[in-house]
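Participant: Just one file: structure.txt, with compact mmCIF, C-alpha atoms.
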# COMPACT_ATOMS: atom_id res chain seq x y z
CA LEU N 1 0.00 0.00 0.00
CA GLY N 2 2.95 2.30 0.50
CA PRO N 3 5.38 3.86 -1.96
CA ARG N 4 8.06 1.62 -3.46
CA ASP N 5 11.13 3.76 -2.78
CA PRO N 6 13.44 2.12 -0.20
CA GLU N 7 13.04 4.54 2.72
CA ARG N 8 9.25 4.70 2.58
CA ALA N 9 9.02 0.94 2.14
CA LEU N 10 11.14 0.48 5.27
CA GLY N 11 8.97 2.95 7.15
CA SER N 12 5.87 1.00 6.23
CA LEU N 13 7.36 -1.96 8.12
CA LEU N 14 8.77 -0.01 11.07
CA GLY N 15 5.35 1.31 12.03
CA ASP N 16 4.90 -1.69 14.33
CA PHE N 17 8.28 -1.21 16.04
CA VAL N 18 8.68 2.49 16.87
CA ARG N 19 6.73 4.72 19.23
CA GLY N 20 6.24 8.44 19.65
CA PRO N 21 5.22 11.27 17.32
CA VAL N 22 6.56 10.73 13.81
CA SER N 23 7.95 14.26 13.70
CA SER N 24 10.25 13.46 16.67
CA LEU N 25 11.77 10.24 15.33
CA ALA N 26 15.49 10.40 14.53
CA LEU N 27 15.06 8.68 11.18
CA PRO N 28 15.38 9.77 7.53
CA GLU N 29 12.40 11.73 6.28
CA GLY N 30 11.34 9.02 3.84
CA VAL N 31 11.30 6.43 6.63
CA ARG N 32 9.21 8.74 8.79
CA GLU N 33 6.77 9.20 5.92
CA GLY N 34 6.38 5.44 5.64
CA ILE N 35 5.76 5.11 9.38
CA TRP N 36 3.17 7.87 9.27
CA LEU N 37 1.32 6.19 6.41
CA HIS N 38 1.47 2.84 8.22
CA ARG N 39 -0.20 4.41 11.25
CA ARG N 40 -2.85 6.09 9.15
CA ILE N 41 -3.68 2.81 7.42
CA ASP N 42 -3.81 1.02 10.79
CA SER N 43 -6.31 3.57 12.11
CA PHE N 44 -8.43 3.32 8.96
CA THR N 45 -8.36 -0.48 9.14
CA ASP N 46 -9.16 -0.77 12.85
CA ALA N 47 -12.28 1.38 12.44
CA HIS N 48 -13.54 -0.22 9.21
CA PRO N 49 -16.87 -2.08 9.24
CA LEU N 50 -15.54 -4.85 7.01
CA ILE N 51 -12.81 -5.58 9.55
CA ALA N 52 -15.47 -5.59 12.27
CA GLN N 53 -17.40 -8.06 10.15
CA SER N 54 -14.34 -10.31 9.87
CA ARG N 55 -13.95 -10.16 13.65
CA THR N 56 -17.44 -11.57 14.09
CA ARG N 57 -16.39 -14.61 12.04
CA VAL N 58 -13.77 -15.52 14.67
CA SER N 59 -14.98 -17.98 17.31
CA ALA N 60 -15.81 -16.68 20.78
CA GLU N 61 -12.96 -18.65 22.32
CA ARG N 62 -10.43 -16.86 20.11
CA ARG N 63 -12.14 -13.47 19.80
CA ARG N 64 -9.53 -11.88 22.07
CA TYR N 65 -6.93 -12.61 19.38
CA ALA N 66 -9.12 -11.72 16.42
CA GLY N 67 -6.92 -8.75 15.48
CA ILE N 68 -3.83 -10.93 15.10
CA MET N 69 -5.77 -13.62 13.27
CA ILE N 70 -7.39 -11.25 10.79
CA ASP N 71 -4.07 -9.53 10.07
CA MET N 72 -2.59 -12.90 9.20
CA PHE N 73 -5.65 -14.15 7.31
CA TYR N 74 -5.56 -11.01 5.19
CA ASP N 75 -1.82 -11.50 4.57
CA HIS N 76 -2.66 -14.93 3.18
CA LEU N 77 -5.52 -13.57 1.09
CA LEU N 78 -3.34 -10.75 -0.25
CA ALA N 79 -0.67 -13.23 -1.31
CA THR N 80 -3.37 -15.39 -2.92
CA HIS N 81 -4.99 -12.50 -4.80
CA TRP N 82 -1.82 -10.46 -5.32
CA ASP N 83 -2.23 -10.10 -9.08
CA ARG N 84 -5.57 -8.34 -8.62
CA PHE N 85 -3.96 -5.45 -6.80
CA ALA N 86 -0.34 -5.20 -7.97
CA ASP N 87 1.34 -4.49 -11.29
CA GLN N 88 4.05 -7.14 -10.76
CA SER N 89 4.05 -10.67 -9.39
CA ILE N 90 4.59 -11.23 -5.68
CA GLY N 91 7.84 -13.03 -6.50
CA ALA N 92 9.13 -10.05 -8.48
CA PHE N 93 8.02 -7.66 -5.73
CA THR N 94 9.79 -9.52 -2.93
CA ALA N 95 12.93 -10.07 -5.03
CA GLN N 96 13.09 -6.29 -5.50
CA MET N 97 12.11 -5.17 -2.00
CA TYR N 98 14.00 -7.56 0.28
CA PRO N 99 17.49 -6.35 -0.77
CA LEU N 100 16.36 -2.72 -0.51
CA LEU N 101 15.22 -3.29 3.05
CA ARG N 102 18.37 -5.14 4.10
CA ALA N 103 20.57 -2.40 2.64
CA GLN N 104 19.17 0.03 5.25
CA ARG N 105 20.38 -1.96 8.26
CA ALA N 106 22.10 1.12 9.73
CA VAL N 107 18.77 2.85 10.47
CA ILE N 108 16.74 -0.22 11.49
CA PRO N 109 16.22 -0.68 15.26
CA ASP N 110 17.49 -4.02 16.56
CA ASN N 111 14.02 -5.30 17.51
CA ALA N 112 12.80 -4.63 13.97
CA TRP N 113 15.96 -6.00 12.35
CA ARG N 114 15.41 -9.43 13.90
CA VAL N 115 11.99 -9.61 12.23
CA ILE N 116 13.08 -8.13 8.90
CA ASP N 117 16.10 -10.44 8.78
CA HIS N 118 13.91 -13.52 9.23
CA MET N 119 11.21 -12.19 6.92
CA THR N 120 13.60 -11.62 4.04
CA GLU N 121 15.65 -14.77 4.59
CA HIS N 122 12.59 -17.03 4.69
CA ASP N 123 10.33 -15.06 2.31
CA TRP N 124 7.46 -14.64 4.72
CA LEU N 125 5.45 -12.50 2.31
CA GLY N 126 5.58 -15.03 -0.49
CA SER N 127 5.13 -18.03 1.81
CA TYR N 128 1.79 -16.81 3.15
CA VAL N 129 0.08 -18.05 -0.01
CA ARG N 130 0.41 -21.56 1.47
CA MET N 131 -1.99 -22.49 4.26
CA ALA N 132 0.72 -24.55 5.93
CA SER N 133 2.83 -21.40 6.31
CA LEU N 134 -0.12 -19.53 7.81
CA HIS N 135 -0.68 -22.32 10.33
CA ARG N 136 3.00 -22.25 11.27
CA ALA N 137 3.14 -18.45 11.55
CA LEU N 138 0.14 -18.21 13.87
CA ASP N 139 1.37 -21.09 16.00
CA ASN N 140 4.76 -19.37 16.30
CA ILE N 141 3.11 -16.10 17.33
CA SER N 142 1.27 -17.98 20.07
CA LEU N 143 4.63 -19.07 21.50
CA ARG N 144 5.84 -15.47 21.74
CA LEU N 145 2.87 -14.30 23.79
CA ARG N 146 3.52 -14.10 27.50
CA ARG N 147 0.25 -15.69 28.57
CA THR N 148 -1.47 -18.96 27.78
CA ASN N 149 -3.57 -18.34 24.69
CA THR N 150 -5.89 -19.91 22.13
CA LEU N 151 -3.92 -18.98 19.00
CA PRO N 152 -2.54 -22.47 18.31
CA GLY N 153 -4.53 -24.00 15.47
CA SER N 154 -6.33 -20.72 14.77
CA ALA N 155 -5.62 -20.82 11.02
CA SER N 156 -8.29 -23.53 10.88
CA GLU N 157 -10.89 -20.81 11.37
CA LEU N 158 -9.96 -19.30 8.02
CA GLU N 159 -10.33 -22.72 6.41
CA GLN N 160 -13.75 -23.18 8.01
CA ASP N 161 -15.14 -19.88 6.68
CA TYR N 162 -12.78 -19.17 3.80
CA ALA N 163 -15.45 -17.70 1.52
CA GLY N 164 -16.62 -15.28 4.22
CA PHE N 165 -13.18 -13.93 5.11
CA GLU N 166 -12.26 -13.78 1.42
CA ALA N 167 -15.38 -11.75 0.59
CA ASP N 168 -14.58 -9.28 3.40
CA PHE N 169 -10.99 -8.96 2.19
CA LEU N 170 -11.87 -8.45 -1.48
CA ALA N 171 -14.38 -5.74 -0.56
CA PHE N 172 -11.92 -4.05 1.82
CA MET N 173 -8.83 -3.92 -0.40
CA PRO N 174 -10.04 -1.38 -2.99
CA GLN N 175 -11.14 0.91 -0.16
CA VAL N 176 -7.85 0.79 1.75
CA ILE N 177 -5.90 1.25 -1.48
CA ALA N 178 -7.94 4.38 -2.26
CA PHE N 179 -7.40 5.63 1.30
CA ALA N 180 -3.62 5.12 1.10
CA GLU N 181 -3.47 6.97 -2.21
CA SER N 182 -5.43 9.89 -0.72
CA GLN N 183 -2.94 10.55 2.08
CA ASP N 184 -0.22 12.44 0.20
CA LEU N 185 -1.67 15.88 0.91
CA ALA N 186 -1.88 15.29 4.66
CA ARG N 187 1.57 13.75 5.06
CA GLY N 188 3.59 16.96 4.96
CA ALA N 189 1.55 18.57 7.74
CA ALA N 190 1.90 15.48 9.93
CA LEU N 191 5.67 15.31 9.59
CA ALA N 192 5.88 18.96 10.54
CA GLY N 193 4.30 18.01 13.87
CA SER N 194 0.66 18.94 13.34
CA ALA N 195 -2.28 17.40 15.17
CA THR N 196 -2.70 14.80 12.44
CA ASP N 197 0.36 12.96 13.75
CA THR N 198 -0.57 9.75 15.62
CA PRO N 199 1.93 9.26 18.49
CA ASN N 200 1.23 5.66 19.52
CA ALA N 201 -0.86 4.06 16.83
Show me this structure written as structure tokens.

Facilitator:
Amino acid sequence: LGPRDPERALGSLLGDFVRGPVSSLALPEGVREGIWLHRRIDSFTDAHPLIAQSRTRVSAERRRYAGIMIDMFYDHLLATHWDRFADQSIGAFTAQMYPLLRAQRAVIPDNAWRVIDHMTEHDWLGSYVRMASLHRALDNISLRLRRTNTLPGSASELEQDYAGFEADFLAFMPQVIAFAESQDLARGAALAGSATDTPNA
């Protein structure tokens, strides 16, 4: 959803790893722009009725972890339907982007580098097209949570209502793409420290 240039692409991944107002981050401007867009997309997604609809498809016993599950389900669905939304194959995209991300190691925080290193080495983005990879990813996330949880085996819920989650995803994607493309005008004001900045999204 973000721009393809290296700094903004990196920023779109770092949004989950850095805190504080974007304008105060000691990072290159392009990286900060990517972080800002990531946060804006997160806010748009969290409040979207189609995401709420997907949440209702998650069983009551796992509803607490619906956000994680839907993020991962949508990653799988994006990989599956990649050609609908992108102008190059997912293989070509990852082959181009992974080296660009790794080349920016000097500005990547250590906690983010561990994830990016594994992601690029094991092609997480491309692997999500396979259900087995989705099962493994969600089970691994469950091991990193500090408390006992119901995430193990949760990919089965996508398999049980695949058509429903897929319909939500396919309706959501054009809307979030349009939202991301509309953000250019607001970005400059946010990076200058205006009220549109989202400190802890």

Participant: Please, which residues are within 8 Å of (-6.0, -14.8, 14.1) by the file's coordinates, counting all atoms listed in the file, and could they come as number ranges by chain?

Facilitator: N: 58, 62, 65-73, 138, 151, 154-155

Participant: Taking into account all atoms listed in the file, which residue in the set N:Ala86, N:Ala60, N:Val107, N:Ile116 is nearest to Thr150 (chain N)?

Facilitator: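 Checking each candidate against Thr150 (chain N), we get N:Ala60 as the closest.
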
Participant: From the list N:Gly34, N:Gly91, N:Pro28, N:Pro49, which residue is nearest Gly126 (chain N) when using all atoms listed in the file?

Facilitator: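 Between N:Gly34, N:Gly91, N:Pro28, N:Pro49, the residue approaching Gly126 (chain N) most closely is N:Gly91.
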
Participant: Pick out the closest residue to Ile41 (chain N) from this set: N:Asp83, N:Glu121, N:Glu181, N:Glu166. Count all atoms listed in the file.

Facilitator: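 Among the listed residues, the smallest separation from Ile41 (chain N) belongs to N:Glu181.
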
Participant: Give me the residues near Trp113 (chain N) as a ChimeraX atom specification, where near means some atom within 10 Å (using only C-alpha atoms) and where sequence neighbours in that chain fewer than 5 positions away do not count.

Facilitator: /N:14,17,101-102,104-108,118-119

Participant: Rounded to one decimal in Å, what is the spacing between CA of Arg32 (chain N) and CA of Ala112 (chain N)?

Facilitator: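 These atoms are spaced 14.8 Å apart.
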
Participant: For Asn149 (chain N), which of N:Glu61, N:Asp42, N:Glu7, N:Asp16 is the closest residue, counting only C-alpha atoms?

Facilitator: N:Glu61

Participant: From the set N:Arg8, N:Leu145, N:Glu157, N:Ala26, which residue has the shortest atom-to-atom contact distance to Pro109 (chain N), counting all atoms listed in the file?

Facilitator: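 Checking each of N:Arg8, N:Leu145, N:Glu157, N:Ala26 against Pro109 (chain N), counting all atoms listed in the file, the winner is N:Ala26.
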